[in-house]
Every structure is written in structure tokens, then in C-alpha cells.
>>> print(open('entry.txt').read())   # compact mmCIF, C-alpha atoms
# COMPACT_ATOMS: atom_id res chain seq x y z
CA MET A 1 15.72 -12.24 -45.63
CA MET A 2 12.87 -13.93 -43.80
CA ASN A 3 9.50 -14.32 -45.48
CA ALA A 4 6.83 -13.35 -43.00
CA PRO A 5 6.99 -10.50 -40.40
CA LEU A 6 8.93 -11.39 -37.05
CA GLN A 7 5.90 -9.65 -36.04
CA ALA A 8 5.15 -6.77 -33.89
CA LEU A 9 5.63 -6.52 -30.23
CA LEU A 10 2.73 -6.84 -28.16
CA LEU A 11 1.53 -3.93 -27.92
CA LEU A 12 1.47 -3.44 -24.89
CA LEU A 13 1.46 -2.57 -23.68
CA ILE A 14 1.95 0.19 -23.08
CA SER A 15 1.27 3.72 -22.45
CA SER A 16 4.52 5.53 -21.94
CA THR A 17 4.47 7.53 -18.76
CA CYS A 18 7.75 9.30 -19.34
CA PRO A 19 8.70 9.52 -23.00
CA ALA A 20 12.40 8.92 -23.46
CA LEU A 21 13.07 11.62 -25.94
CA ALA A 22 11.78 14.29 -23.60
CA LEU A 23 14.68 13.51 -21.28
CA ALA A 24 17.34 14.62 -23.71
CA GLN A 25 19.36 17.43 -22.20
CA GLY A 26 22.75 19.05 -22.29
CA THR A 27 24.83 18.32 -25.34
CA ALA A 28 22.87 15.24 -26.39
CA ARG A 29 20.99 15.91 -29.59
CA VAL A 30 18.40 13.18 -29.41
CA PRO A 31 15.52 14.48 -31.58
CA ALA A 32 13.00 16.49 -29.57
CA PRO A 33 9.49 15.05 -29.19
CA ASP A 34 6.84 16.30 -31.57
CA PRO A 35 4.99 19.08 -29.70
CA GLN A 36 1.80 17.97 -31.47
CA ALA A 37 2.14 14.36 -30.33
CA LEU A 38 -0.71 13.12 -28.17
CA ARG A 39 0.16 11.97 -24.68
CA ILE A 40 -2.57 9.57 -23.62
CA GLN A 41 -2.82 7.87 -20.21
CA VAL A 42 -5.55 5.23 -20.34
CA PRO A 43 -7.13 4.69 -16.90
CA ASP A 44 -7.81 1.12 -15.81
CA VAL A 45 -11.41 1.85 -14.85
CA PRO A 46 -14.00 -0.96 -14.72
CA LEU A 47 -16.75 -0.38 -17.29
CA VAL A 48 -19.58 -2.55 -18.66
CA ASN A 49 -19.89 -3.68 -22.27
CA GLN A 50 -22.99 -4.22 -24.42
CA HIS A 51 -23.22 -7.82 -23.17
CA GLY A 52 -23.40 -6.75 -19.52
CA GLN A 53 -19.86 -7.93 -18.79
CA GLN A 54 -17.49 -5.89 -16.65
CA VAL A 55 -14.22 -5.09 -18.42
CA ARG A 56 -11.26 -2.95 -17.45
CA LEU A 57 -10.52 -0.30 -20.04
CA TRP A 58 -6.73 -0.51 -19.87
CA SER A 59 -5.85 -4.05 -18.87
CA ASP A 60 -8.64 -5.87 -20.76
CA LEU A 61 -9.08 -3.74 -23.89
CA VAL A 62 -6.21 -1.34 -24.60
CA ARG A 63 -2.97 -2.75 -23.20
CA GLY A 64 -0.96 -4.54 -25.84
CA GLN A 65 -3.37 -3.66 -28.65
CA THR A 66 -3.91 -1.26 -31.50
CA VAL A 67 -7.24 0.41 -30.79
CA ALA A 68 -9.76 2.72 -32.45
CA ILE A 69 -11.91 4.55 -29.89
CA ASN A 70 -14.92 6.77 -30.51
CA PHE A 71 -17.55 8.45 -28.37
CA ILE A 72 -21.28 8.03 -29.00
CA PHE A 73 -24.72 7.90 -27.40
CA THR A 74 -27.70 5.89 -28.53
CA ARG A 75 -30.26 8.74 -28.70
CA CYS A 76 -27.97 10.79 -30.94
CA LYS A 77 -29.81 12.01 -34.06
CA THR A 78 -26.80 13.41 -35.90
CA ILE A 79 -23.24 12.11 -36.12
CA CYS A 80 -23.16 8.94 -34.00
CA SER A 81 -24.71 6.50 -36.47
CA PRO A 82 -22.72 7.74 -39.50
CA MET A 83 -19.49 7.67 -37.47
CA THR A 84 -20.20 4.14 -36.23
CA ALA A 85 -21.01 3.07 -39.80
CA THR A 86 -17.58 4.32 -40.90
CA LEU A 87 -15.91 2.27 -38.16
CA ALA A 88 -17.96 -0.73 -39.26
CA ARG A 89 -16.57 -0.32 -42.81
CA VAL A 90 -13.05 -0.15 -41.39
CA GLN A 91 -13.67 -3.30 -39.35
CA LYS A 92 -14.94 -5.10 -42.45
CA GLU A 93 -11.98 -3.91 -44.50
CA LEU A 94 -9.51 -5.15 -41.89
CA GLY A 95 -11.15 -8.57 -41.88
CA PRO A 96 -12.14 -11.00 -39.12
CA ASP A 97 -8.57 -11.94 -38.23
CA SER A 98 -7.42 -8.39 -37.57
CA PRO A 99 -6.01 -7.80 -34.06
CA VAL A 100 -7.30 -4.19 -34.02
CA ARG A 101 -9.81 -3.52 -31.25
CA PHE A 102 -12.71 -1.07 -31.54
CA ILE A 103 -14.12 0.72 -28.50
CA SER A 104 -17.20 2.97 -28.39
CA ILE A 105 -17.81 4.79 -25.10
CA THR A 106 -21.15 6.34 -24.27
CA LEU A 107 -21.54 10.04 -23.55
CA ASP A 108 -24.94 9.39 -21.93
CA VAL A 109 -24.59 6.98 -19.01
CA ALA A 110 -27.98 7.99 -17.60
CA ASN A 111 -29.73 6.45 -20.61
CA ASP A 112 -27.30 4.04 -22.25
CA THR A 113 -27.69 0.68 -20.55
CA PRO A 114 -25.86 -2.35 -21.94
CA GLU A 115 -29.12 -3.45 -23.58
CA ARG A 116 -29.56 -0.10 -25.37
CA LEU A 117 -25.94 -0.14 -26.51
CA ALA A 118 -26.41 -3.67 -27.87
CA HIS A 119 -29.53 -2.55 -29.75
CA PHE A 120 -27.66 0.47 -31.16
CA ALA A 121 -24.70 -1.67 -32.20
CA GLU A 122 -26.68 -4.46 -33.87
CA PRO A 123 -27.16 -2.83 -37.33
CA PHE A 124 -23.39 -2.31 -37.58
CA ALA A 125 -22.57 -6.02 -37.06
CA PRO A 126 -19.78 -5.43 -34.54
CA GLY A 127 -17.34 -8.29 -34.30
CA PRO A 128 -16.06 -9.85 -31.07
CA HIS A 129 -13.31 -7.21 -30.82
CA TRP A 130 -15.71 -4.25 -30.67
CA SER A 131 -16.86 -3.11 -27.22
CA PHE A 132 -19.65 -0.59 -26.57
CA LEU A 133 -19.09 0.69 -23.03
CA THR A 134 -21.12 2.29 -20.26
CA GLY A 135 -20.82 2.10 -16.46
CA GLU A 136 -20.72 4.19 -13.31
CA PRO A 137 -20.95 7.89 -14.26
CA ALA A 138 -17.76 8.93 -12.47
CA LEU A 139 -15.75 6.09 -14.04
CA VAL A 140 -17.08 6.74 -17.54
CA LYS A 141 -16.27 10.44 -17.14
CA GLU A 142 -12.73 9.58 -16.00
CA ALA A 143 -12.25 7.53 -19.16
CA LEU A 144 -13.73 10.21 -21.41
CA VAL A 145 -11.56 12.95 -19.92
CA ALA A 146 -8.38 10.88 -20.23
CA LEU A 147 -9.12 10.02 -23.87
CA GLY A 148 -10.17 13.52 -24.90
CA GLY A 149 -13.80 12.60 -25.52
CA TYR A 150 -15.50 14.36 -22.63
CA THR A 151 -17.94 17.20 -23.25
CA PRO A 152 -20.48 18.67 -20.80
CA ASP A 153 -23.00 18.82 -23.66
CA LYS A 154 -23.26 15.46 -25.39
CA GLU A 155 -25.17 17.02 -28.29
CA ALA A 156 -22.13 19.15 -29.08
CA HIS A 157 -19.57 16.32 -29.12
CA ARG A 158 -17.13 16.15 -32.00
CA PRO A 159 -16.84 13.15 -34.34
CA LEU A 160 -13.33 12.19 -33.32
CA VAL A 161 -11.81 8.72 -33.40
CA LEU A 162 -8.74 8.11 -31.26
CA VAL A 163 -6.40 5.58 -32.90
CA GLY A 164 -3.49 4.36 -30.83
CA ASN A 165 -1.01 1.78 -29.74
CA ALA A 166 0.19 2.20 -26.16
CA THR A 167 3.23 -0.01 -26.63
CA ALA A 168 4.55 2.36 -29.25
CA ASP A 169 3.17 5.40 -27.39
CA LYS A 170 1.63 6.48 -30.69
CA TRP A 171 -1.80 8.13 -30.76
CA LEU A 172 -3.67 9.93 -33.53
CA ARG A 173 -7.02 11.73 -33.67
CA VAL A 174 -8.95 11.21 -36.89
CA ASP A 175 -12.20 12.68 -38.24
CA GLY A 176 -14.81 9.99 -37.63
CA LEU A 177 -16.98 11.37 -40.44
CA GLY A 178 -14.15 11.20 -42.94
CA SER A 179 -13.50 8.30 -45.24
CA ALA A 180 -12.87 4.77 -44.06
CA SER A 181 -9.56 4.94 -45.95
CA SER A 182 -8.30 7.79 -43.74
CA LEU A 183 -9.03 5.72 -40.63
CA LEU A 184 -7.33 2.70 -42.17
CA GLU A 185 -4.29 4.82 -42.95
CA ALA A 186 -4.13 5.99 -39.32
CA ILE A 187 -4.42 2.42 -38.07
CA ARG A 188 -1.59 1.30 -40.36
CA GLU A 189 0.57 4.22 -39.22
CA VAL A 190 0.02 3.40 -35.56
CA ARG A 191 0.69 -0.31 -36.06
CA ALA A 192 3.87 0.48 -38.00
CA ALA A 193 5.17 2.50 -35.05
CA SER A 194 5.56 -0.71 -33.04
CA ALA A 195 6.74 -2.86 -35.92
CA PRO A 196 10.29 -4.27 -35.84
CA PRO A 197 12.61 -4.28 -38.88
CA ALA A 198 10.75 -5.83 -41.81
CA GLU A 199 13.34 -8.59 -42.12
CA LEU A 200 12.38 -9.95 -38.70
CA THR A 201 9.46 -11.98 -39.94
CA PRO A 202 8.43 -15.45 -38.83
CA THR A 203 8.91 -18.39 -41.13
CA SER A 204 8.08 -22.04 -40.52
CA PRO A 205 9.51 -23.34 -37.21
CA SER A 206 12.02 -25.53 -39.04
CA ALA A 207 13.35 -22.58 -41.01
CA GLN A 208 13.11 -19.97 -38.26
CA ASP A 209 16.43 -20.65 -36.57
CA ALA A 210 18.42 -20.67 -39.80
CA ALA A 211 16.69 -17.50 -41.00
CA ALA A 212 17.32 -15.72 -37.68
CA ALA A 213 20.97 -16.80 -37.70
CA ARG A 214 21.42 -15.37 -41.20
CA TYR A 215 19.77 -12.12 -40.24
CA PHE A 216 21.41 -11.43 -36.87
CA THR A 217 24.76 -13.00 -37.82
CA ASN A 218 27.32 -14.44 -35.42
CA THR A 219 29.37 -11.26 -35.43
CA GLU A 220 31.71 -11.23 -32.45
CA LEU A 221 31.16 -8.49 -29.88
CA VAL A 222 32.68 -7.92 -26.43
CA ASP A 223 30.74 -7.33 -23.22
CA GLN A 224 31.48 -5.14 -20.18
CA HIS A 225 33.47 -7.99 -18.61
CA GLY A 226 35.76 -8.37 -21.62
CA LYS A 227 34.13 -11.61 -22.74
CA THR A 228 33.60 -12.21 -26.46
CA HIS A 229 30.16 -13.39 -27.67
CA ARG A 230 28.77 -14.53 -31.02
CA PHE A 231 25.79 -12.23 -31.34
CA TYR A 232 23.11 -14.71 -32.42
CA GLU A 233 24.24 -18.04 -31.04
CA ASP A 234 25.42 -16.84 -27.64
CA LEU A 235 22.96 -14.05 -26.87
CA ILE A 236 19.76 -14.36 -28.89
CA ARG A 237 19.07 -17.97 -29.84
CA GLY A 238 16.43 -19.73 -27.77
CA ARG A 239 15.40 -16.84 -25.55
CA LYS A 240 13.53 -13.58 -25.36
CA VAL A 241 15.64 -10.47 -25.74
CA LEU A 242 15.40 -6.75 -25.03
CA ILE A 243 17.79 -4.65 -27.12
CA ASN A 244 18.54 -0.93 -26.86
CA PHE A 245 21.25 1.54 -27.92
CA ALA A 246 23.41 3.84 -25.76
CA PHE A 247 26.92 5.17 -25.13
CA THR A 248 28.78 5.97 -21.93
CA ALA A 249 29.71 9.61 -22.72
CA CYS A 250 26.06 10.51 -23.41
CA LYS A 251 24.93 13.64 -21.54
CA GLY A 252 21.24 13.13 -22.25
CA VAL A 253 18.95 10.12 -22.40
CA CYS A 254 21.38 7.22 -21.83
CA SER A 255 21.72 7.42 -18.05
CA PRO A 256 18.00 7.82 -17.28
CA MET A 257 17.20 5.16 -19.89
CA THR A 258 19.66 2.70 -18.34
CA LYS A 259 18.35 3.47 -14.85
CA HIS A 260 14.81 2.84 -16.08
CA LEU A 261 15.72 -0.43 -17.80
CA ALA A 262 17.44 -1.52 -14.59
CA GLU A 263 13.99 -1.27 -12.97
CA VAL A 264 12.63 -3.40 -15.80
CA GLN A 265 15.35 -5.97 -15.12
CA LYS A 266 14.39 -6.07 -11.43
CA ALA A 267 10.72 -6.47 -12.34
CA LEU A 268 11.52 -9.38 -14.68
CA GLY A 269 13.36 -11.04 -11.82
CA GLY A 270 15.18 -14.32 -12.30
CA ARG A 271 14.11 -14.62 -15.93
CA VAL A 272 16.92 -12.27 -16.98
CA GLY A 273 19.96 -14.46 -17.41
CA LYS A 274 17.80 -17.56 -17.73
CA ASP A 275 15.22 -17.42 -20.53
CA THR A 276 15.52 -13.67 -21.14
CA THR A 277 18.54 -11.58 -22.14
CA MET A 278 18.98 -7.81 -22.07
CA ILE A 279 21.41 -6.23 -24.54
CA THR A 280 22.68 -2.65 -24.79
CA LEU A 281 24.67 -1.98 -27.95
CA SER A 282 27.20 0.85 -27.87
CA VAL A 283 26.82 3.41 -30.66
CA ASP A 284 30.31 4.73 -29.82
CA PRO A 285 32.68 1.74 -30.06
CA ALA A 286 35.69 4.03 -30.57
CA ASN A 287 35.38 5.20 -26.94
CA ASP A 288 33.30 2.52 -25.23
CA THR A 289 35.78 -0.07 -24.06
CA PRO A 290 34.75 -2.98 -21.83
CA ALA A 291 36.22 -1.04 -18.88
CA THR A 292 34.18 2.12 -19.54
CA LEU A 293 31.05 0.01 -20.07
CA ALA A 294 31.69 -1.84 -16.80
CA HIS A 295 32.05 1.47 -14.92
CA PHE A 296 28.83 2.74 -16.53
CA THR A 297 26.84 -0.35 -15.57
CA GLN A 298 28.01 -0.25 -11.96
CA LYS A 299 26.29 3.11 -11.47
CA PHE A 300 22.89 1.55 -12.24
CA GLY A 301 23.13 -1.79 -10.49
CA VAL A 302 22.99 -3.79 -13.74
CA GLY A 303 22.55 -7.46 -12.90
CA PRO A 304 23.58 -10.72 -14.59
CA GLY A 305 22.00 -11.46 -17.94
CA TRP A 306 22.33 -7.87 -19.21
CA TYR A 307 25.17 -7.42 -21.71
CA PHE A 308 26.64 -4.06 -22.70
CA LEU A 309 28.38 -4.72 -26.00
CA THR A 310 31.17 -3.04 -27.90
CA GLY A 311 33.81 -4.35 -30.29
CA ALA A 312 35.58 -3.61 -33.53
CA PRO A 313 33.84 -0.64 -35.22
CA GLU A 314 33.03 -2.71 -38.31
CA ASN A 315 31.47 -5.44 -36.16
CA ILE A 316 29.32 -3.21 -33.98
CA SER A 317 28.28 -1.14 -37.02
CA LEU A 318 27.09 -4.26 -38.83
CA VAL A 319 24.87 -5.30 -35.93
CA LEU A 320 23.58 -1.75 -35.37
CA LYS A 321 22.59 -1.46 -39.02
CA LYS A 322 20.74 -4.77 -38.84
CA LEU A 323 18.68 -3.50 -35.89
CA GLY A 324 18.10 0.06 -37.06
CA GLY A 325 20.37 1.54 -34.39
CA TYR A 326 23.30 2.77 -36.48
CA THR A 327 24.16 6.47 -36.53
CA ASP A 328 27.24 8.45 -37.60
CA ASP A 329 26.76 10.77 -34.59
CA PRO A 330 26.29 8.95 -31.26
CA ASN A 331 24.37 11.97 -29.91
CA THR A 332 21.54 11.26 -32.36
CA HIS A 333 21.10 7.59 -31.45
CA SER A 334 17.71 5.92 -31.18
CA SER A 335 16.01 5.47 -27.80
CA THR A 336 13.88 2.61 -29.13
CA LEU A 337 13.71 -0.73 -27.34
CA LEU A 338 13.36 -3.91 -29.41
CA ILE A 339 11.65 -6.84 -27.69
CA GLY A 340 11.63 -10.18 -29.43
CA ASP A 341 11.83 -13.93 -29.46
CA ALA A 342 13.95 -15.36 -32.24
CA THR A 343 12.45 -18.82 -31.65
CA THR A 344 8.90 -17.75 -32.45
CA GLY A 345 9.74 -14.80 -34.69
CA MET A 346 7.67 -12.35 -32.64
CA TRP A 347 9.16 -8.84 -32.29
CA VAL A 348 7.93 -5.40 -31.29
CA LYS A 349 9.32 -1.89 -30.77
CA ALA A 350 8.59 0.41 -27.85
CA PRO A 351 10.07 3.58 -26.39
CA ALA A 352 12.73 2.45 -23.92
CA MET A 353 11.23 4.79 -21.30
CA SER A 354 7.77 3.22 -21.49
CA ASN A 355 6.10 2.38 -18.21
CA THR A 356 7.92 -0.49 -16.49
CA SER A 357 4.82 -2.64 -16.08
CA ASN A 358 3.99 -2.21 -19.76
CA LEU A 359 7.43 -3.36 -20.85
CA VAL A 360 7.24 -6.36 -18.52
CA TYR A 361 3.78 -7.16 -19.89
CA ALA A 362 5.13 -6.96 -23.44
CA VAL A 363 7.88 -9.45 -22.61
CA GLU A 364 5.57 -11.82 -20.77
CA HIS A 365 2.84 -11.77 -23.42
CA LEU A 366 5.02 -11.45 -26.52
CA ASN A 367 3.95 -14.82 -27.90
CA ASP A 368 0.25 -14.56 -27.07
CA PRO A 369 -2.02 -15.40 -30.05
CA ARG A 370 -3.04 -12.31 -32.02
>>> encode(input="entry.txt", output="C-alpha cells")
Amino acid sequence: MMNAPLQALLLLLISSTCPALALAQGTARVPAPDPQALRIQVPDVPLVNQHGQQVRLWSDLVRGQTVAINFIFTRCKTICSPMTATLARVQKELGPDSPVRFISITLDVANDTPERLAHFAEPFAPGPHWSFLTGEPALVKEALVALGGYTPDKEAHRPLVLVGNATADKWLRVDGLGSASSLLEAIREVRAASAPPAELTPTSPSAQDAAAARYFTNTELVDQHGKTHRFYEDLIRGRKVLINFAFTACKGVCSPMTKHLAEVQKALGGRVGKDTTMITLSVDPANDTPATLAHFTQKFGVGPGWYFLTGAPENISLVLKKLGGYTDDPNTHSSTLLIGDATTGMWVKAPAMSNTSNLVYAVEHLNDPR
């Protein structure tokens, strides 16, 4: 087992525009999405922070991050200061090296200039990853509506904090006047949603390759062309990888998921097959032969560098269990996508049906400092 986490995928990234599980139909019994789950689409509107700098809400602040967002105004005489104080305690508890970003959006653009937001923020000692935002009224309203913070009467706004990670498509609303510990718990839950298997944790560069080889193993699997590959050495070592789970007789999510990932492959361009590999592991090796996998891939225009793998049941089961994709019933398989780099030890999870640009961003920025 490796010592330190092969740590979470970027986070993109990534607001999911069409959640994979919602596509399950017919006889496929992929678990239904939680009807209470929040579906958040973060607009990429240009806003202005407390330093007078223009920032884009999605691409500069939210994409690829775990975020805690609240809604305040500087002339508020009731809940805004106590709620901001709670977020300040959470920020302090997380420490200066935490990658979590804090965002406070004004409900009073007519009054809240960057200077007034800076003055309001000062007593709470916001760190460099905390943005207090104002801007053009229509753009601020668009952001507030999308995030669930808009109210026509700012005095009546609720003390909600939106905690989320777009890469994992996981969003929670938390009482901003509750305890700092409840907010910390929500942040940990959201971050865990994008975390890869705990064993995929980075070690020193000299030990990383040996640790990854032990974890992934060189189990032999067979691709859609009938070629045998050692799983780690031939497919994972020295490159970025995208790994998902499917089977050819699936009547639900597998076809739309494969079609969607084919768009991701096109967007990644020549990198797939060069420094990036895509892998689909069959969860039904008893029926998925190389020939059936080849027929399945032809329907979606799968290009070079994307391997659909089957093999002896004991071999494919071993690899599936390592990656959290094993199931006794193929119809209940996971629709999670693992994105990682065994060389650096950086890994993240995302819904396989996440927005194409978010998945591409996650791959491209996987090894960015965090």
C-alpha cells in the first residue's frame, strides 16, 4: 500500500451537465440519482473581487476546486457577520495550505463596491483563497440565481453556505449559522466524493513507480483487438489514464457513456495514444469477448489509444476490485471515471458523464500545484 494519497483529481472541473446515473433505462439497474441531490450549473460570469480585480466565477474560482460559497451584504445588521465569522473559523481550521476556496457574493450590488467589501472582510482575516465578489447587477443576479442565493429582499436572505466540488458533481447546502464543525464535515464529504481509492497515494518519486506497480499489478488482460497487455507496465506506467467500467450487453448507461467519452477522446486529440491512455474495463468478462468489445467500440468511433479490456474472470475481477469497479451483477456497475497519473501519484474521480470540457480540463490540469 502506498503511503500518501495518489491524490484527488482536479476538481474540475467540473459541473456535470448530464449526470450519468440519470441515463439508466430499460433493464439496467444502475442506482437512481438521489432526488434530493443538488444540480448546480455555475455560470462563467465576470465579477469583481474585493481587490478590484475582474475574475470569472467558473473558470477562475470554481472549476477544479472544492468551494464554500455564501451570500452577504456589507450593511447587513443581522446574520452576515456571524456567518462570515463561522467561515473564517473553518478557514483557520483547514489551515493556510488548504486547497478549499471561499467565495462570498454580495446581495447588494448598488452599495457594495470592492472597497466596501474589503473593509467588511478585513476583521475576518480572509486568506488569498477567499474572494468577496460584486459586479454588474445583471451578472451578479445570474450568479446568485444559479447558486440558489438570490432573493428579491436582501434583508430576508437565508444563512446558507453552498459547499461543492464540480468535478465530483457533489453539492451540499449547510446552515451558515451552525457550527464550524458542520461546515468542515460538509467540506470533507464533498472532497471525498472526488477522491480515488485510498491506496492510490503519492510517495517519493523514487518509490512511486514501484508502489504503483505493486498496487495496479501486471495482471494480463486482453483488448478489443485480441492483444494481451500487462495492466500496469503496458497501459498505465508513464502516462495519464482515464478508466471507466462498462459491458456490451448493457441496456442503460454504457452506450451513452461510451458515446460521451468518445467526445472526450476527440477533444483530447492526439494526446490519446501518446501520453494519455483511455481504458474501459468490462464488468462482464464471461460474455465480453474481444470480438464483442470490438463490435461495441465500432458503433462509437473509438480511436487508437482507448483499450476495452476483458480476460480471464479471475484476472479482470482482481483489477476491478483494485479500482473499486467490481460487482457481482454487471447491471449495477459504477459509472465513475478515474483520472490519474501514476508517475506523479495524482488521481481523481468524476462522473463519467461530466461535461466534456470539464473532463478535458481535469486531465490537462491534473498535476497543477494544489
>>> residues_around(input="entry.txt", residues="Leu61 of chain A", least_positions_apart="3", cutoff="12 Å", atoms="only C-alpha atoms", output="ChimeraX atom specification")
/A:11-14,42-49,54-58,64-69,99-104,128-133,165-166
>>> closest_residue(input="entry.txt", among="A:Ser182, A:Thr113, A:Lys322, A:Met83", to="Leu160 of chain A", atoms="all atoms listed in the file")
A:Met83
>>> residues_around(input="entry.txt", residues="segment 276-284 of chain A", least_positions_apart="2", cutoff="7 Å", atoms="only C-alpha atoms", output="mmCIF file with C-alpha atoms, in the coordinates of the input")
data_model
loop_
_atom_site.group_PDB
_atom_site.id
_atom_site.type_symbol
_atom_site.label_atom_id
_atom_site.label_comp_id
_atom_site.auth_asym_id
_atom_site.auth_seq_id
_atom_site.Cartn_x
_atom_site.Cartn_y
_atom_site.Cartn_z
ATOM 1 C CA LEU A 235 22.960 -14.050 -26.870
ATOM 2 C CA ARG A 239 15.400 -16.840 -25.550
ATOM 3 C CA LYS A 240 13.530 -13.580 -25.360
ATOM 4 C CA VAL A 241 15.640 -10.470 -25.740
ATOM 5 C CA LEU A 242 15.400 -6.750 -25.030
ATOM 6 C CA ILE A 243 17.790 -4.650 -27.120
ATOM 7 C CA ASN A 244 18.540 -0.930 -26.860
ATOM 8 C CA PHE A 245 21.250 1.540 -27.920
ATOM 9 C CA ALA A 246 23.410 3.840 -25.760
ATOM 10 C CA PHE A 247 26.920 5.170 -25.130
ATOM 11 C CA ARG A 271 14.110 -14.620 -15.930
ATOM 12 C CA VAL A 272 16.920 -12.270 -16.980
ATOM 13 C CA GLY A 273 19.960 -14.460 -17.410
ATOM 14 C CA LYS A 274 17.800 -17.560 -17.730
ATOM 15 C CA ALA A 286 35.690 4.030 -30.570
ATOM 16 C CA ASN A 287 35.380 5.200 -26.940
ATOM 17 C CA ASP A 288 33.300 2.520 -25.230
ATOM 18 C CA GLY A 305 22.000 -11.460 -17.940
ATOM 19 C CA TRP A 306 22.330 -7.870 -19.210
ATOM 20 C CA TYR A 307 25.170 -7.420 -21.710
ATOM 21 C CA PHE A 308 26.640 -4.060 -22.700
ATOM 22 C CA LEU A 309 28.380 -4.720 -26.000
ATOM 23 C CA THR A 310 31.170 -3.040 -27.900
ATOM 24 C CA TYR A 326 23.300 2.770 -36.480
ATOM 25 C CA PRO A 330 26.290 8.950 -31.260
#
>>> closest_residue(input="entry.txt", among="A:Lys77, A:Arg63, A:His225, A:Arg230", to="Pro290 of chain A", atoms="only C-alpha atoms")
A:His225
>>> residues_around(input="entry.txt", residues="Gly269 of chain A", least_positions_apart="6", cutoff="12 Å", atoms="only C-alpha atoms", output="list in words")
Ala262, Glu263, Asp275, Thr276, Thr277, Gly303, Pro304, Gly305, Val360 and Glu364 of chain A
>>> closest_residue(input="entry.txt", among="A:Arg75, A:Val363, A:Ala143, A:Leu337", to="Pro351 of chain A", atoms="only C-alpha atoms")
A:Leu337
>>> closest_residue(input="entry.txt", among="A:Thr134, A:Thr151, A:Gln265, A:Thr292", to="His51 of chain A", atoms="only C-alpha atoms")
A:Thr134
>>> residues_around(input="entry.txt", residues="Ala121 of chain A", least_positions_apart="5", cutoff="9 Å", atoms="all atoms listed in the file", output="CSV table (one decimal) with C-alpha atoms, in the coordinates of the input")
chain,number,residue,atom,x,y,z
A,50,GLN,CA,-23.0,-4.2,-24.4
A,74,THR,CA,-27.7,5.9,-28.5
A,84,THR,CA,-20.2,4.1,-36.2
A,116,ARG,CA,-29.6,-0.1,-25.4
A,126,PRO,CA,-19.8,-5.4,-34.5
A,132,PHE,CA,-19.6,-0.6,-26.6
